[in-house]
Structure formats: structure tokens, C-alpha cells
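What follows is one structure encoded as C-alpha cells, with my remarks underneath.
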Amino acid sequence: MRLRKKSLTTSMTALLAAALMLSACGGGGGNGGTKTSDPAPSTGGDTGTPTEQASDSKYVLGEQPLEFSFYGHYDWYTMPPWGEDDASKWIKENKKVDVKAINSQGNAQQKFNTMIASKELPDVIWLDRGPDVEKLREADMLVPFDEYLDKYPNLKEWLGEAGINMLRSDDGKLYQFPNWYTSQPNGNAGYVVNKKIYKELGEPKLETTEDLANYLAAVKAKYGNEVVPFEPGIEGQGIDVLYSAFKEDALTRWIAIRGVPNGDKLTSIFTDPTYRESMQYAAKLFRDKLISQDALTQTNDQVKEKVMTGRVAVYAASSPTENAMNAHAELAKKDPNGGYFMIWPIAKEGLDKNKIYPGTYTQLGWNVSVITKSAKDPEAIFAFLDWYTGPEGQSVQMWGPPGGYWDGFEEDGKTPKFTEKYITDAEGLAKLQATTTNIQWNGNTVFVDTAKAKYESTLPEEQRNWSTRWQYEITWKTQANATEFINLDPSPESEEGIIRQRIEDIYTEARAKALFAKDDAEVLAVLDKAEADAQAAGYEKLLAFKTERWQANLAKMNGQ
């Protein structure tokens, strides 16, 4: 996740003024922007009816001001002020686009429900695929994109028809603009190691779960409370990463969907032998105070502070590279032995290390943007989003305004021409990317990764971007495709949706209790009780629903 969330908890990991301000903002979308008609070839005859000519009109970004409101549907997300960072400032000045934020104020679901009830929606909502999108669609509050796809071709070109079809709703129409979609492996989940601490402890082997436990114990013995041996990031993401170490081809995505494939059915996470073993392992590390004792409650700022000051020995999360990249630059600048590096994913003794996947990716990426019918000119907004996901828009977000770290494109129009500053000012680039992470709503993974790969492959190792280097060497090789497991959740108001919320509550409580368990037997007892409670709450019915959705995804992916 990029920023998820969670990274990308996710989250990727998920922003504007109160909904009542929308009328004052005028919906924003239609205040400006012009549409021009593509000239028809001269045939000496009629050039078409006015209706036909109007259908050919195309919005030209930057000719007139475009303003729209934007809401990020996440408790943790606050949109950075548009126009204050270098990237959005350039877009505002050169493309005449201004984005007005409506923020969740830490209570996204309440905010979302209030907006729907009042029928006063922002122009754009950025949210997870699934029930909330369908709630808006079923209430006839969303604008379909189908008529825009050929006029503004970036999404169609980079995502492709198959990906677009996977995003279509039950009515056959497309309402969702994806973020960080891809046709090739990507992702950042894995293990980051403190370079200085590792050297001071003699650079021991760090390959197996036993190696890791021994190393963390050695860290605690030498540094005491000054260093956190194992930092799992926010919401205990690193604990889920550890799950992947105990079985070949096990996906952390199964934890997220609360279901583990067994043949052609999804089965209970609580009875999964791999999950049970991994929780016993994590609980022992926690008992021995080798894991952050506030692992399930700490904030991202708290995690960042520990990583930035070098007070963690091993850092595992769904996307640890952002914090680690910035911290590496700071620590290495002060001490040549300081900084961080990544290791190949940890595996239980006897398992094939090349079949261990600490993270997953999906072809549809992380989340989506939808345009609501509150927008006065939805086509203008779509034109912006499509530009934003194209080569120029992505280059500005990732590498700043042209003339800095890049300047123009190669003849193919898709490969940025990187400048010497890209090499000489890695610290500045890292800071820029840290400021633009939260405005990357329509990330185009293939474009960004291909552009970096093509250029950085020509550089010596020491000149490569820290994050890019480890993506090439480790993370992109160790993320599994989990596209088949997307969009499995039921509508919150349905019977299965109500069951799902009960299961989420049971899971959250059981995970915490298992982590705090006094021994292995108590871990299993906690999970056994969770299984009994979940079954009483209707877990089997929910798993049957998700299994049906999963099988439908497989059919779509196989062209059926």
C-alpha cells in the first residue's frame, strides 16, 4: 500500500469542508474549462448534425479554470492543502486546476452517511472499492465514465479492457477510476533492517523465523529499551507480514478478507493452521518484549519518529519503504554506517524462500475515485483524472514540475527525460515524494515503475534511489497477485453485511487477546473461542457469500 494504509496500510493505505459548504462552492466542477470539437475532415459535404458535433467535443485541460471538491473516505486521511507543495502548485498554475478539500475529521463513515442522507455530495470521492461505491451507485448518485473512455484515452490505454471490465458494476457501466492499477508485480511489503545495529551485532544470518527471533533477542540484550527490536508499523501490519513466513504461497490478503482458500471454498481464518502458528510466534515475541508494546494502537507519526531516529532494529509492514527511505537518507548523512536495507522475506525453516510473499498486489490496485452527480461538469473532472494518470500527470506527482528532476519526454512520449538532479539530490526527491504521497489518487503503476526501471538500470548501485533499488531487488519479486480476492465484501445493510461487521469485531478482539496471551495454549484457546463466536454470528453464511464472489472473479479473469 502505498500509504494505506495502513499502507499501503493502505490504505493504503485513505478530505474537504463540510458538506453544507458544497452549494457555496458551486460544486466546482463546471466553473471553467472549455470543450473544443475535433475538426472533421473536409469532404465537401455536411459535417454532421449539431448533436453529432457536440458529441465530438473534448474538454481541454488548462484553457479555463477548473475547480472541484474532493473527499477522501478514510478516518486517517487529511488532504494536504492543494497548491502548497511543488507538484500541486505547478498543476494549479499551469493546468488551472484547484481542488477543494472536504475532510473526514477522523469519522469517515459518519461523514459519508451524512452526505448521502443530505444528498449533498462532494464532486469526487476517493474510497475503497466495494459496498460504499455500490451504495452510491444504487442511489443514482454516480456518473458513469463509459462515454469518456475513448475521448480521454489514458485509462483505457494503461489499464486495458480486461481491467476496466473487472471494475464495472452489475449494471455493466464503469463508475470507478482506479489508483495504482497495474499489469505487473508491484508493492513494498517486507522487512527493513537497521544497518548500524546489524553491523554492531556481527551481521548474523537473517533468513528463518528462528534466525529472526534470535536476532531480536540479541537486540534487546544489547540495547535494552533504547531500541525496538521488531517494529510492526500501524495496526500491527508487521504481524500480518509474519503470517507469510509459515507457509509457502500463503497470502496476507487472506487475513484481510477473513477467509482462507481450501479447494474451491473460503474457510475460517481462526482455524487456519498457518494463522494459528503465526499468532503463537508473534505472541511469544510480544511476551518477550521484542515487539512494540503499543503495536495495535500507535499512530503513523509515532512509527515514523522511531524509524527516523534509528530506534528500530527490524521494521516490517505493508509498505515500510516510505518511512525507511527518508530515514535512510537522514541517518546515512550523519553516519556512513547508518541507514536501512531490506532483506529477503523471512521463512520458516524448510520452506522454499522463493514461495514466501509478505505482500500482495492486485491489477486494480488500491482504491478508486468516483465522480458524483453533484459535479456540474463531470467530463471536465474525468479529463483531469485521465491526465493525472497519464505520463505528464504522473511525472509531476512523482518527480515534481518539469525542469527539476525531469524535463520532457523521449520520442515515445511516455519516458521522462531525467536530469542530473535526479541523481545528485536524492534527499530532495525523497522529501518531494513524501509531500505528494497523499495527492496520488490515480497512480499508474506500470508507467511509474517502467520509467524508473529504464533510467535507474543505467546507474551504478550507489546512485539508485533507495526505495527503487529494493523494489527491484526484493519487493517486486516477493509480492503475490491477489486480484481474484477483490470486491468480496457484501453491502453493509444486507444480512451478510451485518454478519461481516460482527466477524470484524470478533476478529479484532481475538487478535489483540491472542497477542497478549501468556503462552501458546492460550493463543489457541482465544482463537477457538473466536471461531465458536464467529460461527454463532453467521460466519459460514458470510464465507459462502465471499466464496461466490471469489468464484465470479475467477470466471471474469478467465474471460467467462
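As shown in the C-alpha cells, the chain order sets the letters A, B, ...; within each chain, residues go from 1, and ligands are also counted from 1 in the order they appear.
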Where in stretch 79-324 of chain A does DSSP assign helix (DSSP H, G or I), given as a ChimeraX atom specification? /A:86-94,108-118,131-138,146-148,154-167,195-200,209-226,234-246,252-257,273-287,300-308,321-324
Using only C-alpha atoms, please write the residues we just selected to a file, as a tab-separated table (two decimals), in the first residue's frame.
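result.tsv, freshly written:
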```
chain	number	residue	atom	x	y	z
A	86	ASP	CA	5.59	21.96	-5.66
A	87	ALA	CA	3.57	19.43	-7.68
A	88	SER	CA	0.05	20.67	-6.99
A	89	LYS	CA	1.25	24.28	-7.18
A	90	TRP	CA	2.51	23.63	-10.72
A	91	ILE	CA	-0.77	21.94	-11.65
A	92	LYS	CA	-2.77	24.82	-10.21
A	93	GLU	CA	-0.72	27.41	-12.07
A	94	ASN	CA	-0.24	25.59	-15.38
A	108	ALA	CA	-15.29	8.89	7.82
A	109	GLN	CA	-18.31	6.58	7.94
A	110	GLN	CA	-20.46	9.07	9.83
A	111	LYS	CA	-19.41	11.81	7.43
A	112	PHE	CA	-20.18	9.59	4.45
A	113	ASN	CA	-23.62	8.61	5.73
A	114	THR	CA	-24.48	12.22	6.50
A	115	MET	CA	-23.54	13.31	2.99
A	116	ILE	CA	-25.69	10.59	1.43
A	117	ALA	CA	-28.66	11.36	3.66
A	118	SER	CA	-28.46	15.07	2.86
A	131	PRO	CA	-20.09	-1.70	-0.76
A	132	ASP	CA	-19.81	2.08	-0.32
A	133	VAL	CA	-19.34	2.56	-4.06
A	134	GLU	CA	-22.35	0.37	-4.75
A	135	LYS	CA	-24.40	2.25	-2.16
A	136	LEU	CA	-23.77	5.46	-4.08
A	137	ARG	CA	-24.48	3.82	-7.43
A	138	GLU	CA	-27.73	2.24	-6.30
A	146	ASP	CA	-18.15	4.97	-20.43
A	147	GLU	CA	-18.72	7.86	-22.85
A	148	TYR	CA	-15.40	9.46	-21.81
A	154	ASN	CA	-5.03	7.24	-20.79
A	155	LEU	CA	-7.09	5.00	-18.51
A	156	LYS	CA	-8.13	2.75	-21.39
A	157	GLU	CA	-4.55	2.53	-22.67
A	158	TRP	CA	-2.83	1.83	-19.36
A	159	LEU	CA	-5.48	-0.28	-17.60
A	160	GLY	CA	-6.84	-2.10	-20.65
A	161	GLU	CA	-10.26	-3.54	-21.43
A	162	ALA	CA	-9.88	-6.54	-19.12
A	163	GLY	CA	-9.12	-4.33	-16.13
A	164	ILE	CA	-11.94	-1.96	-16.99
A	165	ASN	CA	-14.36	-4.87	-17.18
A	166	MET	CA	-13.28	-6.06	-13.73
A	167	LEU	CA	-14.22	-2.62	-12.40
A	195	LYS	CA	22.20	-1.21	9.07
A	196	LYS	CA	24.21	0.11	12.01
A	197	ILE	CA	22.65	-2.21	14.58
A	198	TYR	CA	23.04	-5.18	12.24
A	199	LYS	CA	26.76	-4.50	11.84
A	200	GLU	CA	27.28	-3.99	15.56
A	209	THR	CA	11.81	-17.41	11.75
A	210	GLU	CA	14.32	-18.87	14.23
A	211	ASP	CA	17.03	-16.52	12.92
A	212	LEU	CA	14.69	-13.57	13.36
A	213	ALA	CA	13.70	-14.48	16.92
A	214	ASN	CA	17.34	-14.94	17.92
A	215	TYR	CA	18.34	-11.65	16.33
A	216	LEU	CA	15.56	-9.73	18.07
A	217	ALA	CA	16.58	-11.23	21.39
A	218	ALA	CA	20.17	-10.14	20.75
A	219	VAL	CA	18.99	-6.61	20.00
A	220	LYS	CA	17.12	-6.42	23.28
A	221	ALA	CA	20.07	-7.84	25.22
A	222	LYS	CA	22.46	-5.22	23.82
A	223	TYR	CA	20.29	-2.12	23.59
A	224	GLY	CA	17.57	-2.64	26.18
A	225	ASN	CA	14.70	-0.18	25.93
A	226	GLU	CA	16.65	2.18	23.69
A	234	ILE	CA	0.50	0.91	12.39
A	235	GLU	CA	-2.31	-1.51	13.22
A	236	GLY	CA	0.24	-4.26	13.71
A	237	GLN	CA	0.83	-4.67	9.98
A	238	GLY	CA	4.13	-6.45	10.58
A	239	ILE	CA	2.30	-9.17	12.50
A	240	ASP	CA	0.34	-9.96	9.34
A	241	VAL	CA	3.59	-9.90	7.36
A	242	LEU	CA	4.90	-12.64	9.67
A	243	TYR	CA	1.96	-14.85	8.63
A	244	SER	CA	3.56	-15.29	5.21
A	245	ALA	CA	6.66	-16.85	6.79
A	246	PHE	CA	4.89	-20.01	7.91
A	252	THR	CA	-1.57	-11.89	3.68
A	253	ARG	CA	-4.64	-10.97	1.66
A	254	TRP	CA	-6.41	-13.97	3.20
A	255	ILE	CA	-6.17	-12.30	6.58
A	256	ALA	CA	-7.72	-9.14	5.16
A	257	ILE	CA	-10.71	-10.99	3.70
A	273	PRO	CA	-3.17	-23.80	10.92
A	274	THR	CA	-0.84	-21.22	9.40
A	275	TYR	CA	-2.61	-18.31	11.07
A	276	ARG	CA	-2.65	-20.10	14.42
A	277	GLU	CA	1.08	-20.86	14.23
A	278	SER	CA	1.96	-17.33	13.18
A	279	MET	CA	-0.04	-15.84	16.07
A	280	GLN	CA	1.73	-18.12	18.54
A	281	TYR	CA	5.06	-16.90	17.15
A	282	ALA	CA	4.01	-13.23	17.30
A	283	ALA	CA	2.60	-13.60	20.81
A	284	LYS	CA	5.87	-15.05	22.09
A	285	LEU	CA	7.82	-12.16	20.60
A	286	PHE	CA	5.34	-9.79	22.22
A	287	ARG	CA	5.62	-11.52	25.64
A	300	ASN	CA	1.89	6.63	11.99
A	301	ASP	CA	3.69	9.66	13.43
A	302	GLN	CA	4.92	7.56	16.34
A	303	VAL	CA	6.20	4.86	13.99
A	304	LYS	CA	7.84	7.43	11.77
A	305	GLU	CA	9.66	9.06	14.70
A	306	LYS	CA	11.16	5.75	15.81
A	307	VAL	CA	12.28	4.83	12.30
A	308	MET	CA	13.66	8.29	11.55
A	321	THR	CA	9.74	1.81	2.29
A	322	GLU	CA	8.38	5.35	2.58
A	323	ASN	CA	9.46	5.88	6.20
A	324	ALA	CA	12.63	3.85	5.71
```
Neighbouring residues of A:Ala552 were defined as those with any atom within 9 Å, considering only C-alpha atoms; residues of the same chain fewer than 5 positions away were excluded. Please report them as an mmCIF file with C-alpha atoms, in the first residue's frame.
```
data_model
loop_
_atom_site.group_PDB
_atom_site.id
_atom_site.type_symbol
_atom_site.label_atom_id
_atom_site.label_comp_id
_atom_site.auth_asym_id
_atom_site.auth_seq_id
_atom_site.Cartn_x
_atom_site.Cartn_y
_atom_site.Cartn_z
ATOM 1 C CA GLU A 484 -9.036 -12.803 -7.565
ATOM 2 C CA THR A 547 -16.795 -17.719 -1.944
ATOM 3 C CA MET A 557 -10.434 -13.255 -15.126
#
```
Between A:Tyr152, A:Tyr357, A:Tyr59, A:Tyr388, which has the minimum distance to A:Gly443 (counting only C-alpha atoms)? A:Tyr388
Can you work out which one of A:Leu459, A:Val370, A:Ala380, A:Val526 has the shortest atom-to-atom distance to A:Phe177, counting only C-alpha atoms? A:Val370
